[in-house]
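A.B. asks: This is the content of target-v2.cif (mmCIF, C-alpha atoms and all ligand atoms):
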data_input
#
loop_
_atom_site.group_PDB
_atom_site.id
_atom_site.type_symbol
_atom_site.label_atom_id
_atom_site.label_comp_id
_atom_site.auth_asym_id
_atom_site.auth_seq_id
_atom_site.Cartn_x
_atom_site.Cartn_y
_atom_site.Cartn_z
ATOM 1 C CA MET X 25 -42.726 117.729 -154.137
ATOM 2 C CA MET X 26 -41.594 121.265 -154.957
ATOM 3 C CA GLY X 27 -45.138 122.193 -155.829
ATOM 4 C CA SER X 28 -45.992 124.735 -153.186
ATOM 5 C CA MET X 29 -43.622 127.647 -153.402
ATOM 6 C CA THR X 30 -45.846 129.952 -151.413
ATOM 7 C CA LYS X 31 -44.201 132.636 -149.346
ATOM 8 C CA GLY X 32 -44.225 132.070 -145.631
ATOM 9 C CA CYS X 33 -46.605 134.242 -143.607
ATOM 10 C CA ARG X 34 -44.838 137.360 -142.451
ATOM 11 C CA LYS X 35 -44.019 137.718 -138.822
ATOM 12 C CA LEU X 36 -43.388 141.230 -137.633
ATOM 13 C CA THR X 37 -41.942 140.476 -134.235
ATOM 14 C CA GLY X 38 -38.303 139.980 -133.591
ATOM 15 C CA HIS X 39 -36.800 141.298 -136.784
ATOM 16 C CA ALA X 40 -35.916 144.744 -135.518
ATOM 17 C CA LEU X 41 -33.218 143.151 -133.396
ATOM 18 C CA PRO X 42 -32.267 139.864 -135.068
ATOM 19 C CA GLY X 43 -28.903 139.786 -133.276
ATOM 20 C CA LEU X 44 -30.552 139.736 -129.869
ATOM 21 C CA PHE X 45 -32.831 136.921 -130.907
ATOM 22 C CA LEU X 46 -29.917 134.921 -132.198
ATOM 23 C CA LEU X 47 -28.091 135.435 -128.932
ATOM 24 C CA ALA X 48 -31.227 134.385 -127.079
ATOM 25 C CA ALA X 49 -31.427 131.216 -129.181
ATOM 26 C CA LEU X 50 -27.874 130.359 -128.289
ATOM 27 C CA ALA X 51 -28.032 131.550 -124.696
ATOM 28 C CA GLY X 52 -27.654 128.040 -123.286
ATOM 29 C CA ALA X 53 -24.329 127.637 -125.066
ATOM 30 C CA CYS X 54 -22.912 131.142 -124.602
ATOM 31 C CA VAL X 55 -21.800 131.866 -121.048
ATOM 32 C CA PRO X 56 -20.640 134.421 -119.993
ATOM 33 C CA GLY X 57 -22.615 136.975 -121.949
ATOM 34 C CA PRO X 58 -21.095 139.889 -123.857
ATOM 35 C CA MET X 59 -21.929 142.445 -121.155
ATOM 36 C CA GLN X 60 -19.275 141.040 -118.856
ATOM 37 C CA GLU X 61 -16.614 141.217 -121.547
ATOM 38 C CA ASP X 62 -17.476 144.855 -122.260
ATOM 39 C CA GLU X 63 -17.008 145.750 -118.608
ATOM 40 C CA THR X 64 -13.511 144.362 -118.451
ATOM 41 C CA GLU X 65 -12.336 145.660 -121.820
ATOM 42 C CA GLY X 66 -13.230 149.323 -121.413
ATOM 43 C CA PRO X 67 -15.448 151.394 -123.672
ATOM 44 C CA ALA X 68 -16.946 149.480 -126.589
ATOM 45 C CA ASP X 69 -15.903 150.520 -130.087
ATOM 46 C CA GLU X 70 -19.167 152.009 -131.295
ATOM 47 C CA GLY X 71 -18.587 151.219 -134.967
ATOM 48 C CA THR X 72 -17.608 147.585 -134.515
ATOM 49 C CA LYS X 73 -20.202 144.889 -135.111
ATOM 50 C CA PRO X 74 -20.346 142.015 -132.655
ATOM 51 C CA ALA X 75 -18.609 138.862 -133.825
ATOM 52 C CA ALA X 76 -20.867 137.030 -136.255
ATOM 53 C CA VAL X 77 -22.868 134.231 -134.694
ATOM 54 C CA ILE X 78 -23.275 131.340 -137.078
ATOM 55 C CA PRO X 79 -25.344 128.164 -136.709
ATOM 56 C CA PRO X 80 -23.662 125.626 -134.396
ATOM 57 C CA ILE X 81 -23.841 122.931 -137.105
ATOM 58 C CA ASP X 82 -21.850 125.233 -139.417
ATOM 59 C CA ALA X 83 -19.317 126.079 -136.731
ATOM 60 C CA SER X 84 -18.613 122.374 -136.234
ATOM 61 C CA ALA X 85 -18.485 121.330 -139.917
ATOM 62 C CA PRO X 86 -15.840 118.643 -140.480
ATOM 63 C CA ALA X 87 -12.594 119.847 -142.029
ATOM 64 C CA ASP X 88 -12.081 116.827 -144.285
ATOM 65 C CA THR X 89 -14.687 116.269 -146.951
ATOM 66 C CA GLU X 90 -14.965 114.591 -150.346
ATOM 67 C CA THR X 91 -16.988 115.962 -153.234
ATOM 68 C CA ALA X 92 -19.665 114.274 -155.350
ATOM 69 C CA THR X 93 -21.462 115.671 -158.390
ATOM 70 C CA PHE X 94 -24.670 114.498 -160.079
ATOM 71 C CA ALA X 95 -27.100 115.755 -162.716
ATOM 72 C CA LEU X 96 -30.670 114.400 -162.523
ATOM 73 C CA GLY X 97 -33.075 117.021 -163.791
ATOM 74 C CA CYS X 98 -34.078 120.384 -162.360
ATOM 75 C CA PHE X 99 -31.475 121.019 -159.671
ATOM 76 C CA TRP X 100 -33.775 122.580 -157.048
ATOM 77 C CA GLY X 101 -35.150 119.230 -155.843
ATOM 78 C CA PRO X 102 -31.796 117.385 -155.675
ATOM 79 C CA ASP X 103 -30.315 120.348 -153.768
ATOM 80 C CA SER X 104 -32.988 119.750 -151.112
ATOM 81 C CA LEU X 105 -32.751 115.974 -151.219
ATOM 82 C CA PHE X 106 -28.978 115.660 -150.854
ATOM 83 C CA GLY X 107 -28.849 118.588 -148.437
ATOM 84 C CA SER X 108 -31.140 116.678 -146.096
ATOM 85 C CA LEU X 109 -28.728 113.755 -145.725
ATOM 86 C CA GLU X 110 -26.719 113.313 -142.577
ATOM 87 C CA GLY X 111 -23.082 113.398 -143.674
ATOM 88 C CA VAL X 112 -23.637 115.876 -146.504
ATOM 89 C CA VAL X 113 -21.870 119.004 -145.294
ATOM 90 C CA ARG X 114 -22.476 121.461 -148.138
ATOM 91 C CA THR X 115 -24.474 121.549 -151.352
ATOM 92 C CA ARG X 116 -24.363 123.873 -154.339
ATOM 93 C CA VAL X 117 -26.124 123.862 -157.688
ATOM 94 C CA GLY X 118 -24.555 124.657 -161.014
ATOM 95 C CA TYR X 119 -23.898 123.616 -164.574
ATOM 96 C CA ALA X 120 -21.581 120.905 -165.869
ATOM 97 C CA GLY X 121 -21.032 118.324 -168.546
ATOM 98 C CA GLY X 122 -20.841 120.580 -171.574
ATOM 99 C CA THR X 123 -18.155 122.303 -173.577
ATOM 100 C CA THR X 124 -19.311 125.924 -173.737
ATOM 101 C CA ASP X 125 -17.702 128.541 -171.482
ATOM 102 C CA ASN X 126 -19.436 130.299 -168.605
ATOM 103 C CA PRO X 127 -22.936 128.814 -168.874
ATOM 104 C CA THR X 128 -25.792 130.608 -167.158
ATOM 105 C CA TYR X 129 -29.374 129.548 -166.473
ATOM 106 C CA HIS X 130 -30.609 131.338 -169.579
ATOM 107 C CA ASN X 131 -27.574 130.573 -171.703
ATOM 108 C CA LEU X 132 -26.827 127.029 -170.714
ATOM 109 C CA GLY X 133 -25.076 125.893 -173.902
ATOM 110 C CA ASP X 134 -24.589 122.118 -173.806
ATOM 111 C CA HIS X 135 -24.374 121.850 -170.008
ATOM 112 C CA SER X 136 -26.829 120.214 -167.621
ATOM 113 C CA GLU X 137 -28.307 121.334 -164.321
ATOM 114 C CA THR X 138 -26.105 119.742 -161.683
ATOM 115 C CA VAL X 139 -25.909 119.401 -157.915
ATOM 116 C CA GLN X 140 -22.592 119.157 -156.144
ATOM 117 C CA MET X 141 -21.976 118.265 -152.513
ATOM 118 C CA ASP X 142 -19.156 117.988 -150.011
ATOM 119 C CA TYR X 143 -19.658 115.000 -147.752
ATOM 120 C CA ASP X 144 -18.051 113.572 -144.662
ATOM 121 C CA LEU X 145 -16.752 110.101 -145.449
ATOM 122 C CA ALA X 146 -16.963 109.211 -141.758
ATOM 123 C CA ALA X 147 -20.747 109.689 -141.920
ATOM 124 C CA ILE X 148 -21.838 108.707 -145.435
ATOM 125 C CA SER X 149 -20.191 106.755 -148.251
ATOM 126 C CA TYR X 150 -19.981 107.540 -151.930
ATOM 127 C CA GLU X 151 -21.938 104.358 -152.629
ATOM 128 C CA GLU X 152 -24.775 105.563 -150.410
ATOM 129 C CA LEU X 153 -24.904 108.856 -152.305
ATOM 130 C CA VAL X 154 -24.975 106.990 -155.611
ATOM 131 C CA GLU X 155 -27.872 104.858 -154.302
ATOM 132 C CA VAL X 156 -29.798 108.028 -153.454
ATOM 133 C CA PHE X 157 -28.990 109.320 -156.939
ATOM 134 C CA TRP X 158 -30.433 106.187 -158.628
ATOM 135 C CA ASP X 159 -33.451 106.122 -156.307
ATOM 136 C CA SER X 160 -34.468 109.725 -156.893
ATOM 137 C CA HIS X 161 -34.938 109.592 -160.652
ATOM 138 C CA ASP X 162 -35.348 106.932 -163.324
ATOM 139 C CA PRO X 163 -31.858 106.325 -164.724
ATOM 140 C CA ALA X 164 -33.270 103.897 -167.304
ATOM 141 C CA ALA X 165 -35.510 106.542 -168.868
ATOM 142 C CA PRO X 166 -34.135 108.630 -171.722
ATOM 143 C CA SER X 167 -33.226 112.132 -170.515
ATOM 144 C CA TRP X 168 -35.726 114.895 -171.290
ATOM 145 C CA SER X 169 -33.141 117.217 -172.727
ATOM 146 C CA ARG X 170 -29.515 118.193 -172.419
ATOM 147 C CA ARG X 171 -30.526 120.604 -169.618
ATOM 148 C CA TYR X 172 -32.117 117.779 -167.630
ATOM 149 C CA MET X 173 -29.757 114.911 -168.448
ATOM 150 C CA SER X 174 -28.907 112.121 -166.059
ATOM 151 C CA LEU X 175 -25.149 112.263 -165.518
ATOM 152 C CA LEU X 176 -22.852 110.959 -162.835
ATOM 153 C CA PHE X 177 -19.628 112.957 -162.665
ATOM 154 C CA TYR X 178 -16.876 111.058 -160.897
ATOM 155 C CA HIS X 179 -14.015 112.968 -159.308
ATOM 156 C CA ASN X 180 -11.395 110.207 -159.190
ATOM 157 C CA ASP X 181 -10.725 106.549 -160.053
ATOM 158 C CA GLU X 182 -12.176 105.296 -156.804
ATOM 159 C CA GLN X 183 -15.478 107.061 -157.387
ATOM 160 C CA ARG X 184 -15.468 105.800 -160.970
ATOM 161 C CA SER X 185 -15.098 102.152 -160.004
ATOM 162 C CA LEU X 186 -17.666 102.430 -157.176
ATOM 163 C CA ALA X 187 -20.097 104.088 -159.595
ATOM 164 C CA VAL X 188 -19.550 101.494 -162.331
ATOM 165 C CA ALA X 189 -20.135 98.636 -159.874
ATOM 166 C CA SER X 190 -23.215 100.352 -158.478
ATOM 167 C CA LYS X 191 -24.588 100.903 -161.965
ATOM 168 C CA GLU X 192 -24.124 97.203 -162.796
ATOM 169 C CA ARG X 193 -25.945 96.166 -159.608
ATOM 170 C CA ARG X 194 -28.766 98.590 -160.356
ATOM 171 C CA GLU X 195 -29.143 97.268 -163.925
ATOM 172 C CA ALA X 196 -29.327 93.701 -162.632
ATOM 173 C CA GLU X 197 -32.013 94.704 -160.103
ATOM 174 C CA MET X 198 -34.073 96.723 -162.593
ATOM 175 C CA GLU X 199 -33.483 94.384 -165.524
ATOM 176 C CA ARG X 200 -33.199 97.503 -167.685
ATOM 177 C CA PRO X 201 -30.077 99.286 -168.856
ATOM 178 C CA VAL X 202 -29.090 102.443 -166.991
ATOM 179 C CA LEU X 203 -28.834 105.262 -169.531
ATOM 180 C CA THR X 204 -27.005 107.633 -167.173
ATOM 181 C CA GLN X 205 -23.608 108.620 -168.527
ATOM 182 C CA LEU X 206 -20.730 108.174 -166.113
ATOM 183 C CA VAL X 207 -18.178 110.859 -166.984
ATOM 184 C CA PRO X 208 -15.202 112.521 -165.308
ATOM 185 C CA LEU X 209 -16.000 115.968 -163.924
ATOM 186 C CA SER X 210 -14.076 118.505 -165.919
ATOM 187 C CA ARG X 211 -15.602 121.755 -164.737
ATOM 188 C CA PHE X 212 -18.482 122.773 -162.521
ATOM 189 C CA TYR X 213 -19.897 126.281 -162.934
ATOM 190 C CA LEU X 214 -21.731 127.615 -159.906
ATOM 191 C CA ALA X 215 -25.304 128.672 -160.723
ATOM 192 C CA GLU X 216 -26.750 132.087 -159.947
ATOM 193 C CA ASP X 217 -27.388 132.857 -156.261
ATOM 194 C CA TYR X 218 -31.173 132.748 -156.685
ATOM 195 C CA HIS X 219 -31.007 129.025 -157.490
ATOM 196 C CA GLN X 220 -28.972 128.088 -154.408
ATOM 197 C CA LYS X 221 -31.164 126.513 -151.664
ATOM 198 C CA PHE X 222 -34.176 127.487 -153.736
ATOM 199 C CA ARG X 223 -36.855 126.217 -151.357
ATOM 200 C CA LEU X 224 -35.368 127.994 -148.342
ATOM 201 C CA ARG X 225 -35.236 131.233 -150.362
ATOM 202 C CA GLN X 226 -39.040 131.225 -150.473
ATOM 203 C CA GLU X 227 -39.135 131.752 -146.695
ATOM 204 C CA GLU X 228 -38.427 135.435 -146.154
ATOM 205 C CA ASP X 229 -38.279 135.239 -142.378
ATOM 206 C CA LEU X 230 -35.739 132.428 -142.376
ATOM 207 C CA MET X 231 -33.704 134.182 -145.060
ATOM 208 C CA GLU X 232 -33.470 137.273 -142.882
ATOM 209 C CA GLU X 233 -31.851 135.132 -140.239
ATOM 210 C CA PHE X 234 -29.391 133.666 -142.742
ATOM 211 C CA ASN X 235 -28.577 137.128 -144.039
ATOM 212 C CA ALA X 236 -27.619 138.037 -140.472
ATOM 213 C CA PHE X 237 -25.431 134.917 -140.183
ATOM 214 C CA TYR X 238 -23.747 135.417 -143.535
ATOM 215 C CA ALA X 239 -23.033 138.745 -145.207
ATOM 216 C CA GLU X 240 -21.627 137.003 -148.280
ATOM 217 C CA ALA X 241 -23.596 134.750 -150.637
ATOM 218 C CA GLN X 242 -20.893 132.089 -150.423
ATOM 219 C CA GLY X 243 -21.364 131.729 -146.669
ATOM 220 C CA PHE X 244 -25.041 130.950 -147.198
ATOM 221 C CA ILE X 245 -24.307 128.500 -150.021
ATOM 222 C CA ASP X 246 -21.762 126.683 -147.844
ATOM 223 C CA SER X 247 -23.993 126.539 -144.763
ATOM 224 C CA THR X 248 -24.914 123.048 -143.567
ATOM 225 C CA ALA X 249 -27.835 124.566 -141.670
ATOM 226 C CA ALA X 250 -29.133 126.112 -144.905
ATOM 227 C CA ALA X 251 -28.745 122.776 -146.724
ATOM 228 C CA ARG X 252 -30.669 120.872 -144.021
ATOM 229 C CA ILE X 253 -33.451 123.448 -143.709
ATOM 230 C CA ASN X 254 -33.739 123.554 -147.510
ATOM 231 C CA GLY X 255 -34.270 119.798 -147.331
ATOM 232 C CA TYR X 256 -36.814 119.773 -144.493
ATOM 233 C CA LEU X 257 -38.899 122.518 -146.127
ATOM 234 C CA ALA X 258 -39.106 120.408 -149.292
ATOM 235 C CA GLY X 259 -40.330 117.379 -147.357
ATOM 236 C CA TYR X 260 -37.090 115.418 -146.968
ATOM 237 C CA GLY X 261 -36.176 113.895 -143.636
ATOM 238 C CA THR X 262 -38.623 113.244 -140.821
ATOM 239 C CA PHE X 263 -40.321 115.465 -138.277
ATOM 240 C CA GLN X 264 -38.470 113.586 -135.576
ATOM 241 C CA THR X 265 -35.012 114.318 -137.050
ATOM 242 C CA LEU X 266 -36.027 117.949 -137.545
ATOM 243 C CA GLN X 267 -36.856 118.182 -133.837
ATOM 244 C CA GLU X 268 -33.602 116.471 -132.888
ATOM 245 C CA HIS X 269 -31.445 118.774 -134.996
ATOM 246 C CA LEU X 270 -33.403 122.005 -134.671
ATOM 247 C CA SER X 271 -31.186 123.679 -132.084
ATOM 248 C CA SER X 272 -28.070 123.134 -134.235
ATOM 249 C CA PHE X 273 -29.421 125.506 -136.895
ATOM 250 C CA GLY X 274 -29.039 128.580 -134.667
ATOM 251 C CA LEU X 275 -32.462 130.012 -135.536
ATOM 252 C CA SER X 276 -34.382 132.475 -133.366
ATOM 253 C CA PRO X 277 -37.427 131.128 -131.468
ATOM 254 C CA ASP X 278 -39.619 132.587 -134.236
ATOM 255 C CA GLY X 279 -37.484 130.912 -136.898
ATOM 256 C CA GLU X 280 -37.652 127.570 -135.123
ATOM 257 C CA ALA X 281 -41.421 127.888 -134.791
ATOM 258 C CA LYS X 282 -41.737 128.668 -138.502
ATOM 259 C CA LEU X 283 -39.651 125.660 -139.485
ATOM 260 C CA LEU X 284 -41.608 123.352 -137.168
ATOM 261 C CA GLU X 285 -44.883 124.676 -138.556
ATOM 262 C CA VAL X 286 -43.888 123.802 -142.136
ATOM 263 C CA GLY X 287 -42.241 120.554 -141.034
ATOM 264 C CA ARG X 288 -45.425 119.410 -139.304
ATOM 265 C CA ARG X 289 -47.239 119.778 -142.633
ATOM 266 C CA VAL X 290 -44.728 118.332 -145.084
ATOM 267 C CA LEU X 291 -42.620 115.777 -143.192
ATOM 268 C CA PRO X 292 -43.456 112.201 -142.324
ATOM 269 C CA GLY X 293 -43.385 111.417 -138.559
HETATM 270 N N1 LIG T 1 -40.062 124.048 -164.218
HETATM 271 C C1 LIG T 1 -39.157 124.765 -163.392
HETATM 272 C C2 LIG T 1 -37.773 124.259 -163.574
HETATM 273 C C3 LIG T 1 -36.758 124.991 -162.824
HETATM 274 S S1 LIG T 1 -35.362 124.086 -162.716
HETATM 275 C C4 LIG T 1 -34.225 125.043 -161.954
HETATM 276 C C5 LIG T 1 -39.290 126.244 -163.696
HETATM 277 O O1 LIG T 1 -38.804 126.725 -164.722
HETATM 278 O O2 LIG T 1 -39.908 126.914 -162.898
HETATM 279 O O3 LIG T 1 -34.871 123.863 -164.064
#
For the file at hand, write its structure as structure tokens.
C.D. replies:
Amino acid sequence: MMGSMTKGCRKLTGHALPGLFLLAALAGACVPGPMQEDETEGPADEGTKPAAVIPPIDASAPADTETATFALGCFWGPDSLFGSLEGVVRTRVGYAGGTTDNPTYHNLGDHSETVQMDYDLAAISYEELVEVFWDSHDPAAPSWSRRYMSLLFYHNDEQRSLAVASKERREAEMERPVLTQLVPLSRFYLAEDYHQKFRLRQEEDLMEEFNAFYAEAQGFIDSTAAARINGYLAGYGTFQTLQEHLSSFGLSPDGEAKLLEVGRRVLPG
């Protein structure tokens, strides 16, 4: 699934003036244009950058979200999988479940690779997320290692009881015991930037566009558009939903074409 990490073919057009292309992509939604404002407000301040344009889906992210946290092996794939789900607003990968301080990728201590997400309860339930968690690995198989353990970290009593009930249903269905440990989340350590939205990071052209949206790493990590694109590139979702949601990602025409080109190859209809 994450097998082909090839770099996207380089496109040389458009990148000299990414801001203009972003404005062009959003032209339908942005009337009147900036020229008119400049005329009425006197001379432009030469040193001031235009207000940052961010993807429409990020600009309309819901204010109220809940958080869910799971460990199920190498966190790159789950970052893509959960990020592709409607109702998941933000994803981040990190380390949790252990006792050692300040784990890093190369000094993980007794922690496990973990994905965390903020989700909109109006659009997706905790139970649905837990179903996706069970479905996307084998919770009845012994974990490979502490790094790649299967862990469900609940954030509160409600999540705990939903998770326990879901685990019991799953065991009855599978007729095998679930070996996943259900534990309270004590601390989640954010992983290094280069692990966040790992699949999307392989696409230089798309990353240039995100670097223009977000000057700070945290803005990229928290971007719903980045989470969705990171999912589509890894083969999650369908080509039809990609087409439906494409304009909400705020990409340039070149960026949209790139995403459609990969989507056509890796996504089911
Ligand atoms: N086999 C993968 C695992 C990465 S995952 C973030 C690699 O080392 O390339 O653990």
A.B. asks: Could you tell me how far CA of Val77 (chain X) lies from CA of Phe263 (chain X), in Å and to one decimal?
C.D. replies: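 For CA of Val77 (chain X) relative to CA of Phe263 (chain X), the distance reads 25.9 Å.
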A.B. asks: Write out as a Markdown table a residue-level contact list of chain X versus ligand LIG 1 (chain T) with cut-off 10 Å: for each qualifying residue the closest pair of atoms and the distance in Å to one decimal, counting only C-alpha atoms and all ligand atoms, rows sorted by chain and residue number upward.
C.D. replies:
| residue | atom | partner | partner_atom | distance |
| --- | --- | --- | --- | --- |
| X:Met26 | CA | T:LIG1 | C1 | 9.5 |
| X:Gly27 | CA | T:LIG1 | N1 | 10.0 |
| X:Gly97 | CA | T:LIG1 | O3 | 7.1 |
| X:Cys98 | CA | T:LIG1 | S1 | 3.9 |
| X:Phe99 | CA | T:LIG1 | C4 | 5.4 |
| X:Trp100 | CA | T:LIG1 | C4 | 5.5 |
| X:Gly101 | CA | T:LIG1 | S1 | 8.4 |
| X:Val117 | CA | T:LIG1 | C4 | 9.2 |
| X:Gly118 | CA | T:LIG1 | C4 | 9.7 |
| X:Tyr129 | CA | T:LIG1 | C4 | 8.0 |
| X:Ser136 | CA | T:LIG1 | O3 | 9.5 |
| X:Glu137 | CA | T:LIG1 | O3 | 7.0 |
| X:Thr138 | CA | T:LIG1 | C4 | 9.7 |
| X:Arg171 | CA | T:LIG1 | O3 | 7.8 |
| X:Tyr172 | CA | T:LIG1 | O3 | 7.6 |
| X:Ala215 | CA | T:LIG1 | C4 | 9.7 |
| X:Tyr218 | CA | T:LIG1 | C4 | 9.8 |
| X:His219 | CA | T:LIG1 | C4 | 6.8 |
| X:Gln220 | CA | T:LIG1 | C4 | 9.7 |
| X:Phe222 | CA | T:LIG1 | C4 | 8.6 |
A.B. asks: Written as JSON, numbers by chain, which residues does the PyMOL selection byres (((chain X and resi 234) around 10) and not hetatm) give for the file shown?
C.D. replies: {"X": [78, 79, 224, 225, 228, 229, 230, 231, 232, 233, 235, 236, 237, 238, 239, 241, 243, 244, 247, 249, 250, 274, 275]}
A.B. asks: Set the distance at 6 Å and use all atoms listed in the file: which residues neighbour Leu209 (chain X) once local chain neighbours fewer than 2 positions away are removed? I'd like the list as a VMD selection string.
C.D. replies: chain X and resid 177 to 179 211
A.B. asks: Take the residues from that selection and put them in a file with C-alpha atoms, as an mmCIF file, in the coordinates of the input.
C.D. replies:
data_model
loop_
_atom_site.group_PDB
_atom_site.id
_atom_site.type_symbol
_atom_site.label_atom_id
_atom_site.label_comp_id
_atom_site.auth_asym_id
_atom_site.auth_seq_id
_atom_site.Cartn_x
_atom_site.Cartn_y
_atom_site.Cartn_z
ATOM 1 C CA PHE X 177 -19.628 112.957 -162.665
ATOM 2 C CA TYR X 178 -16.876 111.058 -160.897
ATOM 3 C CA HIS X 179 -14.015 112.968 -159.308
ATOM 4 C CA ARG X 211 -15.602 121.755 -164.737
#
A.B. asks: Rounded to one decimal in Å, what is the spacing between CA of Thr91 (chain X) and CA of Thr262 (chain X)?
C.D. replies: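 If I compute the distance from CA of Thr91 (chain X) to CA of Thr262 (chain X), I get 25.1 Å.
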A.B. asks: Quick one: everything within 9 Å of Leu176 (chain X), counting all atoms listed in the file, minus sequence neighbours fewer than 6 positions away in the same chain. Send it as JSON, numbers by chain.
C.D. replies: {"X": [92, 93, 94, 95, 96, 154, 157, 187, 204, 205, 206, 207, 208, 209]}
A.B. asks: Extract, using only C-alpha atoms, all DNA, RNA and protein residues at most 8 Å from Ala251 (chain X), discarding same-chain residues fewer than 3 positions from it, and format them as a PDB file with C-alpha atoms, in the coordinates of the input.
C.D. replies:
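So the final result, stored in around_31.pdb, reads:
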ATOM      1  CA  ASP X 103     -30.315 120.348-153.768  1.00  0.00           C
ATOM      2  CA  SER X 104     -32.988 119.750-151.112  1.00  0.00           C
ATOM      3  CA  GLY X 107     -28.849 118.588-148.437  1.00  0.00           C
ATOM      4  CA  SER X 108     -31.140 116.678-146.096  1.00  0.00           C
ATOM      5  CA  VAL X 113     -21.870 119.004-145.294  1.00  0.00           C
ATOM      6  CA  ARG X 114     -22.476 121.461-148.138  1.00  0.00           C
ATOM      7  CA  THR X 115     -24.474 121.549-151.352  1.00  0.00           C
ATOM      8  CA  LYS X 221     -31.164 126.513-151.664  1.00  0.00           C
ATOM      9  CA  ILE X 245     -24.307 128.500-150.021  1.00  0.00           C
ATOM     10  CA  SER X 247     -23.993 126.539-144.763  1.00  0.00           C
ATOM     11  CA  THR X 248     -24.914 123.048-143.567  1.00  0.00           C
ATOM     12  CA  ASN X 254     -33.739 123.554-147.510  1.00  0.00           C
ATOM     13  CA  GLY X 255     -34.270 119.798-147.331  1.00  0.00           C
TER      14      GLY X 255
END
A.B. asks: Neighbourhood query: residues within 12 Å of (-20.0, 126.4, -170.0), file coordinates, counting all atoms listed in the file; return as a PDB file with C-alpha atoms, in the frame of the given file.
C.D. replies:
ATOM      1  CA  GLY X 118     -24.555 124.657-161.014  1.00  0.00           C
ATOM      2  CA  TYR X 119     -23.898 123.616-164.574  1.00  0.00           C
ATOM      3  CA  ALA X 120     -21.581 120.905-165.869  1.00  0.00           C
ATOM      4  CA  GLY X 121     -21.032 118.324-168.546  1.00  0.00           C
ATOM      5  CA  GLY X 122     -20.841 120.580-171.574  1.00  0.00           C
ATOM      6  CA  THR X 123     -18.155 122.303-173.577  1.00  0.00           C
ATOM      7  CA  THR X 124     -19.311 125.924-173.737  1.00  0.00           C
ATOM      8  CA  ASP X 125     -17.702 128.541-171.482  1.00  0.00           C
ATOM      9  CA  ASN X 126     -19.436 130.299-168.605  1.00  0.00           C
ATOM     10  CA  PRO X 127     -22.936 128.814-168.874  1.00  0.00           C
ATOM     11  CA  THR X 128     -25.792 130.608-167.158  1.00  0.00           C
ATOM     12  CA  TYR X 129     -29.374 129.548-166.473  1.00  0.00           C
ATOM     13  CA  HIS X 130     -30.609 131.338-169.579  1.00  0.00           C
ATOM     14  CA  ASN X 131     -27.574 130.573-171.703  1.00  0.00           C
ATOM     15  CA  LEU X 132     -26.827 127.029-170.714  1.00  0.00           C
ATOM     16  CA  GLY X 133     -25.076 125.893-173.902  1.00  0.00           C
ATOM     17  CA  ASP X 134     -24.589 122.118-173.806  1.00  0.00           C
ATOM     18  CA  HIS X 135     -24.374 121.850-170.008  1.00  0.00           C
ATOM     19  CA  SER X 136     -26.829 120.214-167.621  1.00  0.00           C
ATOM     20  CA  GLU X 137     -28.307 121.334-164.321  1.00  0.00           C
ATOM     21  CA  SER X 210     -14.076 118.505-165.919  1.00  0.00           C
ATOM     22  CA  ARG X 211     -15.602 121.755-164.737  1.00  0.00           C
ATOM     23  CA  PHE X 212     -18.482 122.773-162.521  1.00  0.00           C
ATOM     24  CA  TYR X 213     -19.897 126.281-162.934  1.00  0.00           C
ATOM     25  CA  LEU X 214     -21.731 127.615-159.906  1.00  0.00           C
ATOM     26  CA  ALA X 215     -25.304 128.672-160.723  1.00  0.00           C
TER      27      ALA X 215
END
A.B. asks: Quick one: pull the distance between CA of Gly261 (chain X) and CA of Trp168 (chain X), Å, one decimal.
C.D. replies: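 Interatomic distance here is 27.7 Å.
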A.B. asks: Using all atoms listed in the file, which residues sit within 12 Å of Glu155 (chain X) once same-chain residues fewer than 5 positions away are excluded, as a list of chain:residue names?
C.D. replies: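 These residues fall inside the cut-off: X:Phe94, X:Phe106, X:Ile148, X:Ser149, X:Tyr150, X:Ser160, X:His161, X:Asp162, X:Pro163, X:Leu176, X:Leu186, X:Ala187, X:Ala189, X:Ser190, X:Lys191, X:Arg193, X:Arg194.
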A.B. asks: Run the PyMOL selection byres (((chain X and resi 270) around 12) and not hetatm) on the file and write out the hits as number ranges by chain.
C.D. replies: X: 49-50, 79-81, 249-250, 252-253, 256, 262-269, 271-277, 279-284, 287
A.B. asks: Calculated over only C-alpha atoms, which of the candidates X:Ala85, X:Val286, X:Leu257, X:Leu203 has the smallest distance to Arg223 (chain X)?
C.D. replies: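 For Arg223 (chain X), the nearest of the given residues is X:Leu257.
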A.B. asks: Given the file above and the PyMOL selection byres (((chain X and resi 86) around 10) and not hetatm), which residues are selected, and can you give them as a CSV table (one decimal) with C-alpha atoms, keeping the file's coordinate frame?
C.D. replies:
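selection-v4.csv was written with the following content:
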chain,number,residue,atom,x,y,z
X,81,ILE,CA,-23.8,122.9,-137.1
X,82,ASP,CA,-21.8,125.2,-139.4
X,83,ALA,CA,-19.3,126.1,-136.7
X,84,SER,CA,-18.6,122.4,-136.2
X,85,ALA,CA,-18.5,121.3,-139.9
X,87,ALA,CA,-12.6,119.8,-142.0
X,88,ASP,CA,-12.1,116.8,-144.3
X,89,THR,CA,-14.7,116.3,-147.0
X,111,GLY,CA,-23.1,113.4,-143.7
X,113,VAL,CA,-21.9,119.0,-145.3
X,143,TYR,CA,-19.7,115.0,-147.8
X,144,ASP,CA,-18.1,113.6,-144.7
X,145,LEU,CA,-16.8,110.1,-145.4
X,146,ALA,CA,-17.0,109.2,-141.8
